[in-house]
Amino acid sequence: MDRRAFLRFVGLSGTTWALSPSAAFPAVVSDDPAGGAYGCLVDLTVCVGCRKCEQACNQVNGLPEPAIPFDDPRVLDEKRRPDVGAYTVVNRWYPGRVDERNQLVPTFVKVQCMHCLEPACVSACIVGALTKKDYGPVHYDASKCIGCRYCLVACPFQIPAYEYHEALAPQVRKCTFCFDRIVKDGGKPGCAAACPVEAIRFGPRARLLELAHEKIRRDPGRYVDAIYGEFEAGGTSWMYLSGVPFEKVGFQKVPAKPMPKLTETIQHGIFSYMWAPASLYAVLAGFMWVNHRKERNGGE
Amino acid sequence: MDAHGSPRPLEARFWTPGTQLLFAFMLLGLLFIIARLVGGLGAVTNLDNYYPWGLWIGFDVATGVALAAGGFTTAALVQILGRRRYEGVTRPALLTAMLGYTFVAVGLFFDIGRYWAVWHPIFYWQPNSVLFEVAMCVMVYTTVLHLEFLPVISERVGKVLPILHKIGHFLEKIMPALIILGVVLSCMHQSGLGSLLLIAPTKVHPLWYTPILPLLFLTSAIAVGYPMVVFETTLATGSFGLEDEMEILRPLTRITIALLGIYLALKIGDLVVRKAYVYLLEGSAQSHSFLVELLGGVALPWIMLLMPGVRRSRKWLFVACTLIVLGVALNRMNVFIVGFQPAYSVRPYYPHVGEIAITLGLTSSIIFFYRLCVTYLPVLSARKEEGHA
């Protein structure tokens with residue numbers, strides 16, 4: 001995309017954002033994260049698919065140059081998923097809405113780690129290489145990782161990617177929520193800072209939720225009455241607003257029950273104070289003792 | 001008992017065409033292991049971000065651990081419940097378990113991306129992780145199995161190596177504690193393996209995804225223990241021309257009727273309670289695979305074992321037990337591979353030639369070392385059949 005096309009984009013979508021009622025809301029970035037961790041709210045009705053977020057992510061994380069340049073719109077012709085070389089990707093969907101000239105209207109969807117509030121990957125990780133930080137990010141520490149890939153199995157959003165072609169020290173790769181940047185005062189994730197139309201809002205999750213509900217309330221015609229990420233998998237730090245049903249633009253139906261709930265209930269039930277293994281040991285030892293005594297007395 | 005006497009080395013010829021073939025498979029597997037070390041997992045596997053676990057986890061680890069259950073089930077029967085008549089099968093079952101777990105560990109070592117960090121779980125504890133529990137149990141249990149087997153080696157070479165004799169003698173003393181520990185650890189990680197995929201409710205096909213998956217894994221492991229003993233004893237005695245040991249195997253399979261019956265009842269009950277039976281006839285690869293597993297691998301052999309004629313016949317008993325073994329193996333493959341259906345994946349997973357070669361190499365290694373051990377160590381109790389040289 002050339003510079004002029006980009007400016008047109010910015011102009012257009014800037015107007016969209018300004019016209020949308022939510023523009024009346026002040027930026028929430030500077031707010032105190034009293035409502036808990038930080039999050040991001042992506043408004044799909046605002047996103048224009050310029051992929052500036054992808055480019056910023058690439059630069060901020062020092063990722064390899066993509067095969068097709070960021071301003072080449074042909075990339076959008078196929079559906080992509082985050083991978084070892086790209087922590088976030090934007091896909092174009094045609095959910096069936098048409099404009100006044102009967103042209104299909106695209107919806108652009110940015111995909112990255114959702115940074116779950118109760119992450120399955122964190123619960124699954126055998127060595128605790130994945131942790132949920134107070135600030136919100138699900139953080140990966142490669143120095144602990146053994147490469148079992150249980151996090152890839154566990155993730156309900158299918159996000160972590162693995163360096164299968166790395167022979168010696170392969171890593172799990174996924175969006176970092178720019179942990180190093182957001183812990184600094186006024187810091188934003190690379191993608192949110194780069195978004196020319198402010199489709200990505202960064203701020204305390206609780207405030208973002210209020211904002212999202214307010215947007216839906218003020219403009220029920222613009223949005224479907226749901227916030228993806230409010231309840232999915234027990235809630236996620238990244239959330240989405242959409243003008244079309246989420247399942248039409250590539251979002252998974254994910255249960256509201258946190259993924260780790262069942263396994264952790266079982267594990268804690270059995271292993272608190274090791275009561276189950278210890279009792280089993282005691283019972284078996286009892287059997288053994290009785291039988292040995294019987295054998296000795298029986299003179300077998 | 002006198003008909004059997006104590007275990008002793010077979011002293012048969014070891015280097016046969018069979019062992020040579022096994023050795024060739026082992027070398028082939030080694031070749032691909034080198035390729036994996038040089039080129040990374042991507043060079044020899046079809047694993048991707050959607051299917052991070054494949055044949056090595058589904059077969060080498062999950063199936064391997066299940067089929068090594070003969071070790072703890074016979075130990076429990078003979079040493080804990082005091083059924084001494086089955087003493088003759090404990091050592092071969094222990095050997096199978098010891099070798100099985102050893103090669104589960106070898107397989108896992110090459111499956112994890114950072115094999116040089118394999119020791120990390122010992123220091124970085126993460127008790128919420130089911131995999132952490134499984135890994136710790138498997139690690140400790142593998143050690144326990146080696147300790148349980150050490151006296152067998154010291155029995156043979158203790159005269160030459162006095163230190164080994166002393167260690168063996170010491171181990172004999174603490175053996176009861178080790179045996180109980182082995183059974184407890186087995187119950188923990190056999191069920192733990194079933195808990196592994198409970199964290200991914202959206203990915204495992206509803207025919208297999210159930211909160212009682214850990215219980216199903218445990219009961220199926222316990223149920224497959226004795227059939228596995230029958231399976232390998234029949235193969236070993238047949239291959240070496242030994243007495244068939246039917247007088248031990250036959251009553252052993254009578255216990256299996258009860259154990260397999262419990263598993264069958266749980267499996268059917270689970271389908272009914274969760275109303276998952278609606279998927280039985282959906283016509284997908286998953287539903288077919290489930291039907292084969294349940295009918296051919298559990299129900300059919302269970303009915304067969306109920307027939308006295310089957311239990312009397314060495315051949316039919318072997319067939320029934322083989323079906324049970326295959327049924328449990330298919331169950332593990334179903335849960336970890338066939339029934340695993342991740343979203344967004346663009347192509348289904350089929351194992352790479354390299355994955356198959358390494359699996360074949362590891363399996364061959366188990367049989368190779370089994371043969372090596374029974375040839376030179378006092379493991380088998382069965383005597384040569386009359387008329388055999």
# chains A, B, ... in the order shown; residues from 1 in each chain; ligands from 1

$ interface_residues --of "chain B" --to "chain A" --cutoff "6 Å" --atoms "only C-alpha atoms" --output "PyMOL selection string"
chain B and resi 38-42+49+80+82+112-114+117+121+124-126+128-129+131-132+199-200

$ write_last_selection --atoms "C-alpha atoms" --output "short mmCIF file (atom, residue, chain, number, x, y, z; two decimals), in the first residue's frame"
data_model
loop_
_atom_site.label_atom_id
_atom_site.label_comp_id
_atom_site.auth_asym_id
_atom_site.auth_seq_id
_atom_site.Cartn_x
_atom_site.Cartn_y
_atom_site.Cartn_z
CA VAL B 38 20.28 -32.34 13.27
CA GLY B 39 17.16 -30.98 11.59
CA GLY B 40 14.77 -30.52 14.52
CA LEU B 41 11.34 -32.06 15.01
CA GLY B 42 10.13 -30.56 11.74
CA ASN B 49 0.84 -25.96 15.64
CA ILE B 80 0.44 -57.87 47.68
CA GLY B 82 -0.50 -63.20 47.96
CA ILE B 112 10.51 -32.80 23.53
CA GLY B 113 11.99 -29.88 21.66
CA ARG B 114 14.66 -29.11 24.23
CA ALA B 117 16.39 -29.53 29.43
CA PRO B 121 10.62 -30.62 35.92
CA TYR B 124 10.76 -26.28 38.35
CA TRP B 125 7.67 -27.76 39.97
CA GLN B 126 4.27 -26.96 38.53
CA ASN B 128 -1.25 -27.72 38.55
CA SER B 129 0.08 -29.44 35.46
CA LEU B 131 1.87 -33.53 32.70
CA PHE B 132 4.09 -32.63 35.64
CA ILE B 199 -7.80 -29.42 29.55
CA ALA B 200 -8.85 -29.32 25.88
#

$ residues_around --residues "Gly29 (chain B)" --least-positions-apart "5" --cutoff "12 Å" --atoms "only C-alpha atoms" --output "PDB file with C-alpha atoms, in the first residue's frame"
ATOM      1  CA  LEU B  22      14.962 -56.232  15.061  1.00  0.00           C
ATOM      2  CA  PHE B  23      18.501 -54.890  15.089  1.00  0.00           C
ATOM      3  CA  ALA B  24      18.057 -53.550  11.556  1.00  0.00           C
ATOM      4  CA  ILE B  34      20.134 -38.458  14.181  1.00  0.00           C
ATOM      5  CA  ALA B  35      18.069 -36.643  11.541  1.00  0.00           C
ATOM      6  CA  ARG B  36      15.796 -35.331  14.306  1.00  0.00           C
ATOM      7  CA  VAL B  44      11.207 -36.047  10.775  1.00  0.00           C
ATOM      8  CA  VAL B 106      13.736 -42.613  25.455  1.00  0.00           C
ATOM      9  CA  GLY B 107      10.810 -41.741  23.157  1.00  0.00           C
ATOM     10  CA  PHE B 110      13.488 -37.180  21.576  1.00  0.00           C
ATOM     11  CA  VAL B 353       7.899 -41.769   7.802  1.00  0.00           C
ATOM     12  CA  GLY B 354      10.464 -40.610  10.358  1.00  0.00           C
ATOM     13  CA  GLU B 355       7.945 -40.858  13.204  1.00  0.00           C
ATOM     14  CA  ILE B 356       7.012 -44.370  12.129  1.00  0.00           C
ATOM     15  CA  ALA B 357      10.662 -45.398  11.782  1.00  0.00           C
ATOM     16  CA  ILE B 358      11.565 -44.165  15.262  1.00  0.00           C
ATOM     17  CA  THR B 359       8.481 -45.808  16.770  1.00  0.00           C
ATOM     18  CA  LEU B 360       9.371 -49.045  15.018  1.00  0.00           C
ATOM     19  CA  GLY B 361      12.938 -48.728  16.270  1.00  0.00           C
ATOM     20  CA  LEU B 362      11.838 -48.203  19.864  1.00  0.00           C
ATOM     21  CA  THR B 363       9.367 -51.093  19.738  1.00  0.00           C
ATOM     22  CA  SER B 364      12.018 -53.341  18.203  1.00  0.00           C
ATOM     23  CA  SER B 365      14.419 -52.321  20.949  1.00  0.00           C
TER      24      SER B 365
END

$ select_by_dssp --residues "region 43-254 of chain B" --states "alpha helix (DSSP H)" --output "number ranges by chain"
B: 43-44, 55, 64-67, 70-75, 87-111, 120-123, 130-157, 162-195, 213-240, 246-254

$ residues_around --residues "Leu249 (chain B)" --least-positions-apart "2" --cutoff "12 Å" --atoms "only C-alpha atoms" --output "number ranges by chain"
B: 74, 85-90, 226-234, 243-247, 251-256, 311-314, 317-318, 321

$ write_last_selection --atoms "C-alpha atoms" --output "mmCIF file, in the first residue's frame"
data_model
loop_
_atom_site.group_PDB
_atom_site.id
_atom_site.type_symbol
_atom_site.label_atom_id
_atom_site.label_comp_id
_atom_site.auth_asym_id
_atom_site.auth_seq_id
_atom_site.Cartn_x
_atom_site.Cartn_y
_atom_site.Cartn_z
ATOM 1 C CA THR B 74 1.008 -58.969 38.446
ATOM 2 C CA ARG B 85 0.512 -69.539 42.055
ATOM 3 C CA TYR B 86 1.099 -66.753 39.537
ATOM 4 C CA GLU B 87 4.688 -66.220 40.675
ATOM 5 C CA GLY B 88 5.999 -67.544 37.351
ATOM 6 C CA VAL B 89 4.706 -64.593 35.350
ATOM 7 C CA THR B 90 5.868 -61.785 37.612
ATOM 8 C CA TYR B 226 -3.057 -59.839 32.388
ATOM 9 C CA PRO B 227 -4.048 -60.109 28.711
ATOM 10 C CA MET B 228 -0.713 -58.487 27.931
ATOM 11 C CA VAL B 229 0.999 -61.142 30.067
ATOM 12 C CA VAL B 230 -0.877 -63.867 28.165
ATOM 13 C CA PHE B 231 0.000 -62.196 24.866
ATOM 14 C CA GLU B 232 3.731 -62.007 25.500
ATOM 15 C CA THR B 233 4.017 -65.307 27.367
ATOM 16 C CA THR B 234 2.326 -67.116 24.480
ATOM 17 C CA GLU B 243 5.754 -75.307 27.866
ATOM 18 C CA ASP B 244 2.714 -73.154 27.301
ATOM 19 C CA GLU B 245 2.020 -72.269 30.970
ATOM 20 C CA MET B 246 -1.701 -72.555 30.332
ATOM 21 C CA GLU B 247 -2.281 -73.617 33.946
ATOM 22 C CA PRO B 251 -7.037 -68.598 35.719
ATOM 23 C CA LEU B 252 -5.374 -65.253 35.062
ATOM 24 C CA THR B 253 -7.857 -64.546 32.287
ATOM 25 C CA ARG B 254 -10.735 -65.416 34.594
ATOM 26 C CA ILE B 255 -9.744 -62.393 36.659
ATOM 27 C CA THR B 256 -9.671 -60.447 33.413
ATOM 28 C CA ARG B 311 -10.268 -70.221 27.915
ATOM 29 C CA ARG B 312 -9.280 -73.862 27.388
ATOM 30 C CA SER B 313 -7.792 -73.306 23.954
ATOM 31 C CA ARG B 314 -4.330 -71.812 23.833
ATOM 32 C CA LEU B 317 -7.130 -67.422 24.476
ATOM 33 C CA PHE B 318 -4.289 -65.791 22.599
ATOM 34 C CA CYS B 321 -6.055 -61.404 24.706
#

$ atom_distance --atom1 "CA of Val346 (chain B)" --atom2 "CA of Ser289 (chain B)"
21.5 Å

$ closest_residue --among "B:Val292, B:Trp302, B:Thr63, B:Thr202" --to "Ala256 (chain A)" --atoms "only C-alpha atoms"
B:Thr202

$ residues_around --residues "region 40-53 of chain A" --least-positions-apart "5" --cutoff "7 Å" --atoms "only C-alpha atoms" --output "PyMOL selection string"
chain A and resi 13+16-17+70+90+107-109+191-192+194-195+197+199-203+208+237-243

$ write_last_selection --atoms "C-alpha atoms" --output "PDB file, in the first residue's frame"
ATOM      1  CA  SER A  13     -11.409   5.415   9.516  1.00  0.00           C
ATOM      2  CA  THR A  16     -15.521   6.480  11.485  1.00  0.00           C
ATOM      3  CA  TRP A  17     -14.026   6.459  14.938  1.00  0.00           C
ATOM      4  CA  PHE A  70       3.054  -5.642   4.784  1.00  0.00           C
ATOM      5  CA  VAL A  90      -5.270  -9.750  10.292  1.00  0.00           C
ATOM      6  CA  THR A 107     -14.752  -7.391   8.255  1.00  0.00           C
ATOM      7  CA  PHE A 108     -11.129  -7.446   9.312  1.00  0.00           C
ATOM      8  CA  VAL A 109     -10.171  -9.515  12.324  1.00  0.00           C
ATOM      9  CA  CYS A 191       0.035  -2.930  17.715  1.00  0.00           C
ATOM     10  CA  ALA A 192      -2.238  -0.679  19.760  1.00  0.00           C
ATOM     11  CA  ALA A 194       0.481   1.768  15.725  1.00  0.00           C
ATOM     12  CA  CYS A 195      -3.198   1.412  14.913  1.00  0.00           C
ATOM     13  CA  VAL A 197      -7.773   4.207  13.471  1.00  0.00           C
ATOM     14  CA  ALA A 199      -9.401   0.077  16.557  1.00  0.00           C
ATOM     15  CA  ILE A 200      -7.285  -1.365  19.379  1.00  0.00           C
ATOM     16  CA  ARG A 201      -7.797   0.260  22.746  1.00  0.00           C
ATOM     17  CA  PHE A 202      -5.369  -0.505  25.534  1.00  0.00           C
ATOM     18  CA  GLY A 203      -6.313   0.027  29.167  1.00  0.00           C
ATOM     19  CA  LEU A 208     -12.515  -1.511  28.683  1.00  0.00           C
ATOM     20  CA  SER A 237      -7.543  -9.771  28.633  1.00  0.00           C
ATOM     21  CA  TRP A 238      -8.075  -9.154  24.926  1.00  0.00           C
ATOM     22  CA  MET A 239     -11.679  -8.567  23.920  1.00  0.00           C
ATOM     23  CA  TYR A 240     -13.588  -7.840  20.738  1.00  0.00           C
ATOM     24  CA  LEU A 241     -16.600  -5.850  19.630  1.00  0.00           C
ATOM     25  CA  SER A 242     -18.195  -6.782  16.328  1.00  0.00           C
ATOM     26  CA  GLY A 243     -20.943  -5.699  13.987  1.00  0.00           C
TER      27      GLY A 243
END

$ decode --residues "region 79-166 of chain B" --atoms "C-alpha atoms" --output "short mmCIF file (atom, residue, chain, number, x, y, z; two decimals), in the first residue's frame"
data_model
loop_
_atom_site.label_atom_id
_atom_site.label_comp_id
_atom_site.auth_asym_id
_atom_site.auth_seq_id
_atom_site.Cartn_x
_atom_site.Cartn_y
_atom_site.Cartn_z
CA GLN B 79 3.25 -59.89 46.12
CA ILE B 80 0.44 -57.87 47.68
CA LEU B 81 -2.62 -60.09 47.41
CA GLY B 82 -0.50 -63.20 47.96
CA ARG B 83 -1.64 -65.25 44.95
CA ARG B 84 1.62 -67.19 44.80
CA ARG B 85 0.51 -69.54 42.05
CA TYR B 86 1.10 -66.75 39.54
CA GLU B 87 4.69 -66.22 40.68
CA GLY B 88 6.00 -67.54 37.35
CA VAL B 89 4.71 -64.59 35.35
CA THR B 90 5.87 -61.78 37.61
CA ARG B 91 9.43 -61.66 36.33
CA PRO B 92 8.64 -61.57 32.62
CA ALA B 93 5.94 -58.98 33.33
CA LEU B 94 8.42 -56.95 35.37
CA LEU B 95 10.94 -57.18 32.53
CA THR B 96 8.36 -55.98 30.00
CA ALA B 97 7.39 -53.09 32.24
CA MET B 98 11.00 -52.14 32.90
CA LEU B 99 11.88 -52.16 29.21
CA GLY B 100 8.56 -50.54 28.25
CA TYR B 101 9.04 -47.60 30.59
CA THR B 102 12.69 -47.24 29.68
CA PHE B 103 11.77 -46.77 26.05
CA VAL B 104 8.84 -44.52 26.93
CA ALA B 105 11.47 -42.30 28.50
CA VAL B 106 13.74 -42.61 25.45
CA GLY B 107 10.81 -41.74 23.16
CA LEU B 108 9.83 -38.73 25.27
CA PHE B 109 13.41 -37.55 25.35
CA PHE B 110 13.49 -37.18 21.58
CA ASP B 111 9.93 -35.85 21.38
CA ILE B 112 10.51 -32.80 23.53
CA GLY B 113 11.99 -29.88 21.66
CA ARG B 114 14.66 -29.11 24.23
CA TYR B 115 15.79 -32.60 25.17
CA TRP B 116 18.80 -31.19 26.99
CA ALA B 117 16.39 -29.53 29.43
CA VAL B 118 14.62 -32.81 30.21
CA TRP B 119 15.65 -32.52 33.88
CA HIS B 120 13.85 -29.19 34.38
CA PRO B 121 10.62 -30.62 35.92
CA ILE B 122 12.67 -31.99 38.81
CA PHE B 123 13.53 -28.44 39.81
CA TYR B 124 10.76 -26.28 38.35
CA TRP B 125 7.67 -27.76 39.97
CA GLN B 126 4.27 -26.96 38.53
CA PRO B 127 1.78 -29.09 40.48
CA ASN B 128 -1.25 -27.72 38.55
CA SER B 129 0.08 -29.44 35.46
CA VAL B 130 -1.19 -32.95 34.84
CA LEU B 131 1.87 -33.53 32.70
CA PHE B 132 4.09 -32.63 35.64
CA GLU B 133 2.43 -35.32 37.75
CA VAL B 134 2.67 -37.87 34.95
CA ALA B 135 6.31 -37.03 34.28
CA MET B 136 7.33 -37.28 37.93
CA CYS B 137 5.48 -40.58 38.40
CA VAL B 138 6.90 -42.09 35.23
CA MET B 139 10.38 -40.98 36.22
CA VAL B 140 10.20 -42.40 39.73
CA TYR B 141 8.39 -45.55 38.59
CA THR B 142 10.98 -46.24 35.89
CA THR B 143 13.63 -46.01 38.59
CA VAL B 144 11.61 -48.31 40.85
CA LEU B 145 11.26 -50.84 38.02
CA HIS B 146 15.01 -50.83 37.48
CA LEU B 147 15.57 -51.37 41.20
CA GLU B 148 13.01 -54.19 41.22
CA PHE B 149 14.80 -55.82 38.33
CA LEU B 150 18.34 -55.38 39.65
CA PRO B 151 18.21 -58.48 41.90
CA VAL B 152 17.49 -60.54 38.78
CA ILE B 153 20.77 -59.34 37.33
CA SER B 154 22.67 -59.76 40.59
CA GLU B 155 21.34 -63.31 40.87
CA ARG B 156 23.15 -64.06 37.67
CA VAL B 157 26.35 -62.03 37.90
CA GLY B 158 26.52 -61.40 41.66
CA LYS B 159 29.30 -63.97 42.02
CA VAL B 160 31.51 -62.05 39.62
CA LEU B 161 30.58 -58.63 40.95
CA PRO B 162 30.29 -58.85 44.75
CA ILE B 163 29.14 -55.23 45.02
CA LEU B 164 26.15 -56.02 42.81
CA HIS B 165 25.40 -58.98 45.03
CA LYS B 166 25.34 -56.69 48.05
#
